[in-house]
Amino acid sequence: MPEQSLVFSVFLIFTGAALLATLALYARQSMLVAYILLGMLLGPFALGLVPDVVLLRDLSHVGIVFLLFLLGLNLHPQDLWRLFRKATLVTLVSSLLFAASGYAVAMAFGYDTAERLVIAATMMFSSTIIGLKLLPSTVLHHQHTGEIIISVLLLQDLIAILVMLTLHGLGGHTDGWQQAAKLALSLPALLAFAFGFSRWVLTRLLARFDTIHEYIFLLAIGWCLGMAELSEAIGLSPEIGAFIAGIAVATHPISRFIAESLRPLRDFFLVVFFFSLGAGFDMGSVQQVLLPALALAAISLLLKPLVFRQLWIYEGEAPALSLEVGVRLAQISEFSLLIAVLAQQTRVIGEQASYLIQLATLLTFIASSYFIVLRYPTPIAASDRLRRD
């Protein structure tokens with residue numbers, strides 16, 4: 001994509017997003033839905049004004065990495081470890097139930113065994129970007145809610161990595177099984193490196209140059225993206241690396257300044273993410289997979305809140321908070337989109353099954369973000385009463 005075309009694409013994305021977001025706010029609707037609809041309108045399958053969706057997806061992934069980094073900055077390591085112990089049972093039980101429901105829907109609509117298994121796997125995960133983008137971080141109640149949500153999402157992240165490694169193996173990549181075996185060693189090694197480097201290098205640099213804000217800004221970005229790349233290089237996801245990078249410096253007093261300074265950068269890339277999500281969907285494939293996609297979306301939006309509510313009540317959380325966690329995790333995940341594309345590339349599933357997963361995910365993104373913005377406190381709520389940053 002030529003440089004001028006990229007500049008023109010960014011112009012269209014943000015000018016169009018500003019216009020549609022204005023209309024959405026006046027109509028008390030979700031701005032995230034506006035970004036997705038704008039992508040569908042301007043993308044290659046409609047007007048074609050923004051043709052290079054692949055480049056946009058690569059850019060938008062940086063927003064997810066920054067999102068996880070900023071969340072890590074607000075979580076104390078000891079609190080997170082305590083929640084991980086509680087979240088393990090919740091995540092495993094809920095994942096099995098959601099997978100079983102996805103398998104049943106795929107079987108009812110006549111998909112073959114391999115496609116049923118992949119569709120079942122994609123139902124296990126909730127969206128990191130919806131769950132956390134719409135979560136206030138400055139209210140005490142929602143800090144605890146965020147800790148619960150991030151513990152579930154990171155455990156789901158690990159399961160998703162195992163699914164993708166399995167797909168590599170099924171697709172004839174023999175090293176996929178070897179990578180899966182290394183996974184158990186990679187995470188502890190990454191944690192040890194992050195906390196060691198933070199203690200002996202980062203904290204000293206921060207203490208020495210904490211008055212030079214530009215340097216702190218650059219150091220934070222380098223640390224975040226460097227850990228993301230390192231994590232991906234050893235077989236984990238960039239999101240896990242970025243989150244660990246945030247936790248490693250969360251106890252430092254300057255972590256609050258870092259979080260505030262990176263927030264506009266995060267929002268820039270997240271707008272691109274939601275635009276690329278809409279732009280990448282082929283509207284011509286909707287008719288073939290509409291009914292099963294509606295069934296998967298309905299199960300995700302209705303079953304996930306109930307299951308998470310019961311499981312977190314069992315773990316001792318308040319009923320109202322448990323239901324809110326379930327509602328905020330009611331989508332299918334962006335990881336499911338990656339799994340769908342990878343499974344199609346490795347010829348494990350066909351094109352129609354891949355479109356089914358993509359449409360179901362898109363439907364849950366739109367419906368879930370719309371409901372959360374209207375019902376719960378969020379940073380982009382249309383109502384002043386619910387707007388919390």
# chains A, B, ... in the order shown; residues from 1 in each chain; ligands from 1
$ closest_atom_pairs --of "stretch 193-299 of chain A" --to "stretch 322-334 of chain A" --cutoff "10 Å" --atoms "only C-alpha atoms" --output "CSV"
residue,atom,partner,partner_atom,distance
A:Leu277,CA,A:Glu334,CA,9.0
A:Leu296,CA,A:Ile332,CA,9.1
A:Ala297,CA,A:Ile332,CA,7.8
A:Ala298,CA,A:Gln331,CA,9.8
A:Ile299,CA,A:Ala330,CA,9.2
$ write_last_selection --atoms "N, CA and C atoms" --output "mmCIF file, in the first residue's frame"
data_model
loop_
_atom_site.group_PDB
_atom_site.id
_atom_site.type_symbol
_atom_site.label_atom_id
_atom_site.label_comp_id
_atom_site.auth_asym_id
_atom_site.auth_seq_id
_atom_site.Cartn_x
_atom_site.Cartn_y
_atom_site.Cartn_z
ATOM 1 N N LEU A 277 -12.190 -4.604 11.708
ATOM 2 C CA LEU A 277 -13.095 -5.725 11.939
ATOM 3 C C LEU A 277 -14.281 -5.662 10.987
ATOM 4 N N LEU A 296 -25.296 -19.301 17.120
ATOM 5 C CA LEU A 296 -24.070 -19.205 17.926
ATOM 6 C C LEU A 296 -24.027 -17.892 18.706
ATOM 7 N N ALA A 297 -24.399 -16.804 18.041
ATOM 8 C CA ALA A 297 -24.382 -15.501 18.708
ATOM 9 C C ALA A 297 -25.375 -15.469 19.866
ATOM 10 N N ALA A 298 -26.561 -16.009 19.655
ATOM 11 C CA ALA A 298 -27.576 -16.017 20.710
ATOM 12 C C ALA A 298 -27.108 -16.832 21.910
ATOM 13 N N ILE A 299 -26.498 -17.984 21.646
ATOM 14 C CA ILE A 299 -25.999 -18.821 22.745
ATOM 15 C C ILE A 299 -24.912 -18.083 23.526
#
$ select_by_dssp --residues "stretch 202-378 of chain A" --states "helix (DSSP H, G or I)" --output "number ranges by chain"
A: 202-208, 213-233, 238-248, 255-279, 283-314, 319-328, 334-345, 351-375
$ atom_distance --atom1 "atom CA of A:Gly102" --atom2 "atom CA of A:Leu89"
20.1 Å
$ closest_residue --among "A:Thr88, A:Arg204, A:Pro136, A:Ala121" --to "A:Leu154" --atoms "only C-alpha atoms"
A:Thr88
$ closest_residue --among "A:Gln352, A:Ala248, A:Val272, A:Ile150" --to "A:Phe84" --atoms "only C-alpha atoms"
A:Ile150
$ atom_distance --atom1 "atom CA of A:Ile339" --atom2 "atom CA of A:Met164"
6.3 Å
$ closest_atom_pairs --of "stretch 272-356 of chain A" --to "stretch 28-42 of chain A" --cutoff "9 Å" --atoms "only C-alpha atoms" --output "CSV"
residue,atom,partner,partner_atom,distance
A:Val272,CA,A:Tyr35,CA,8.3
A:Phe273,CA,A:Tyr35,CA,8.8
A:Phe274,CA,A:Ile36,CA,5.2
A:Phe275,CA,A:Gly39,CA,4.4
A:Ser276,CA,A:Gly39,CA,6.0
A:Leu277,CA,A:Ile36,CA,6.3
A:Gly278,CA,A:Gly39,CA,4.4
A:Ala279,CA,A:Gly39,CA,4.1
A:Gly280,CA,A:Met40,CA,7.5
A:Phe281,CA,A:Met40,CA,7.0
A:Asp282,CA,A:Met40,CA,8.5
A:Met283,CA,A:Met40,CA,8.2
$ closest_residue --among "A:Leu185, A:Val62, A:Val54, A:Leu301" --to "A:Cys224" --atoms "only C-alpha atoms"
A:Val62
$ closest_residue --among "A:Leu135, A:Ile240, A:Val249, A:Ala259" --to "A:Thr378" --atoms "only C-alpha atoms"
A:Leu135
$ closest_residue --among "A:Arg385, A:Lys86, A:Arg57, A:Arg199" --to "A:Ile313" --atoms "only C-alpha atoms"
A:Lys86
$ closest_residue --among "A:Thr251, A:Gly16, A:Ala160, A:Ala318" --to "A:Leu337" --atoms "only C-alpha atoms"
A:Ala160
$ residues_around --residues "A:Leu92" --least-positions-apart "2" --cutoff "10 Å" --atoms "only C-alpha atoms" --output "list in words"
Ala87, Thr88, Leu89, Val90, Ser94, Ser95, Leu96, Leu97, Met124, Val152, Leu155, Gln156 and Ile159 of chain A
$ residues_around --residues "A:Ala340" --least-positions-apart "4" --cutoff "10 Å" --atoms "only C-alpha atoms" --output "MDAnalysis selection string"
chainID A and resid 115 118:119 121:122 164 334:336 344:345 348:351 353:358
$ atom_distance --atom1 "atom CA of A:Ala250" --atom2 "atom CA of A:Pro264"
19.3 Å
$ residues_around --residues "stretch 209-213 of chain A" --least-positions-apart "2" --cutoff "12 Å" --atoms "only C-alpha atoms" --output "list in words"
Leu202, Thr203, Arg204, Leu205, Leu206, Ala207, Tyr215, Ile216, Phe217, Leu218, Leu219, Ala220, His252, Pro253, Ile254, Ser255, Phe257, Ile258, Glu260, Ser261 and Leu262 of chain A
$ write_last_selection --atoms "N, CA and C atoms" --output "mmCIF file, in the first residue's frame"
data_model
loop_
_atom_site.group_PDB
_atom_site.id
_atom_site.type_symbol
_atom_site.label_atom_id
_atom_site.label_comp_id
_atom_site.auth_asym_id
_atom_site.auth_seq_id
_atom_site.Cartn_x
_atom_site.Cartn_y
_atom_site.Cartn_z
ATOM 1 N N LEU A 202 14.917 -1.467 34.853
ATOM 2 C CA LEU A 202 13.879 -0.469 34.617
ATOM 3 C C LEU A 202 13.683 0.471 35.801
ATOM 4 N N THR A 203 13.572 -0.088 36.996
ATOM 5 C CA THR A 203 13.310 0.766 38.156
ATOM 6 C C THR A 203 14.449 1.763 38.384
ATOM 7 N N ARG A 204 15.673 1.366 38.088
ATOM 8 C CA ARG A 204 16.803 2.287 38.244
ATOM 9 C C ARG A 204 16.763 3.400 37.192
ATOM 10 N N LEU A 205 16.381 3.040 35.962
ATOM 11 C CA LEU A 205 16.258 4.061 34.928
ATOM 12 C C LEU A 205 15.116 5.022 35.239
ATOM 13 N N LEU A 206 14.002 4.468 35.709
ATOM 14 C CA LEU A 206 12.859 5.310 36.056
ATOM 15 C C LEU A 206 13.190 6.253 37.201
ATOM 16 N N ALA A 207 13.906 5.746 38.193
ATOM 17 C CA ALA A 207 14.280 6.585 39.333
ATOM 18 C C ALA A 207 15.277 7.670 38.925
ATOM 19 N N TYR A 215 11.283 10.827 27.912
ATOM 20 C CA TYR A 215 12.069 9.600 28.054
ATOM 21 C C TYR A 215 11.224 8.491 28.683
ATOM 22 N N ILE A 216 10.437 8.819 29.707
ATOM 23 C CA ILE A 216 9.578 7.824 30.346
ATOM 24 C C ILE A 216 8.576 7.261 29.338
ATOM 25 N N PHE A 217 8.026 8.131 28.499
ATOM 26 C CA PHE A 217 7.080 7.723 27.463
ATOM 27 C C PHE A 217 7.732 6.728 26.499
ATOM 28 N N LEU A 218 8.935 7.064 26.026
ATOM 29 C CA LEU A 218 9.641 6.186 25.087
ATOM 30 C C LEU A 218 10.039 4.871 25.753
ATOM 31 N N LEU A 219 10.499 4.936 26.981
ATOM 32 C CA LEU A 219 10.904 3.733 27.691
ATOM 33 C C LEU A 219 9.718 2.791 27.897
ATOM 34 N N ALA A 220 8.564 3.360 28.227
ATOM 35 C CA ALA A 220 7.374 2.541 28.445
ATOM 36 C C ALA A 220 6.947 1.840 27.158
ATOM 37 N N HIS A 252 5.694 0.361 40.823
ATOM 38 C CA HIS A 252 6.495 1.584 40.790
ATOM 39 C C HIS A 252 5.574 2.806 40.812
ATOM 40 N N PRO A 253 5.911 3.838 41.566
ATOM 41 C CA PRO A 253 5.031 5.018 41.672
ATOM 42 C C PRO A 253 4.718 5.686 40.335
ATOM 43 N N ILE A 254 5.623 5.573 39.360
ATOM 44 C CA ILE A 254 5.421 6.276 38.096
ATOM 45 C C ILE A 254 4.493 5.521 37.147
ATOM 46 N N SER A 255 4.017 4.354 37.556
ATOM 47 C CA SER A 255 3.150 3.555 36.693
ATOM 48 C C SER A 255 1.871 4.301 36.327
ATOM 49 N N PHE A 257 1.547 7.562 35.866
ATOM 50 C CA PHE A 257 1.868 8.514 34.796
ATOM 51 C C PHE A 257 1.981 7.791 33.456
ATOM 52 N N ILE A 258 2.624 6.633 33.452
ATOM 53 C CA ILE A 258 2.761 5.860 32.219
ATOM 54 C C ILE A 258 1.388 5.496 31.663
ATOM 55 N N GLU A 260 -1.500 6.997 32.069
ATOM 56 C CA GLU A 260 -2.197 8.164 31.532
ATOM 57 C C GLU A 260 -1.596 8.619 30.204
ATOM 58 N N SER A 261 -0.289 8.557 30.087
ATOM 59 C CA SER A 261 0.362 9.058 28.876
ATOM 60 C C SER A 261 0.133 8.145 27.670
ATOM 61 N N LEU A 262 -0.075 6.858 27.908
ATOM 62 C CA LEU A 262 -0.260 5.918 26.794
ATOM 63 C C LEU A 262 -1.714 5.731 26.392
#
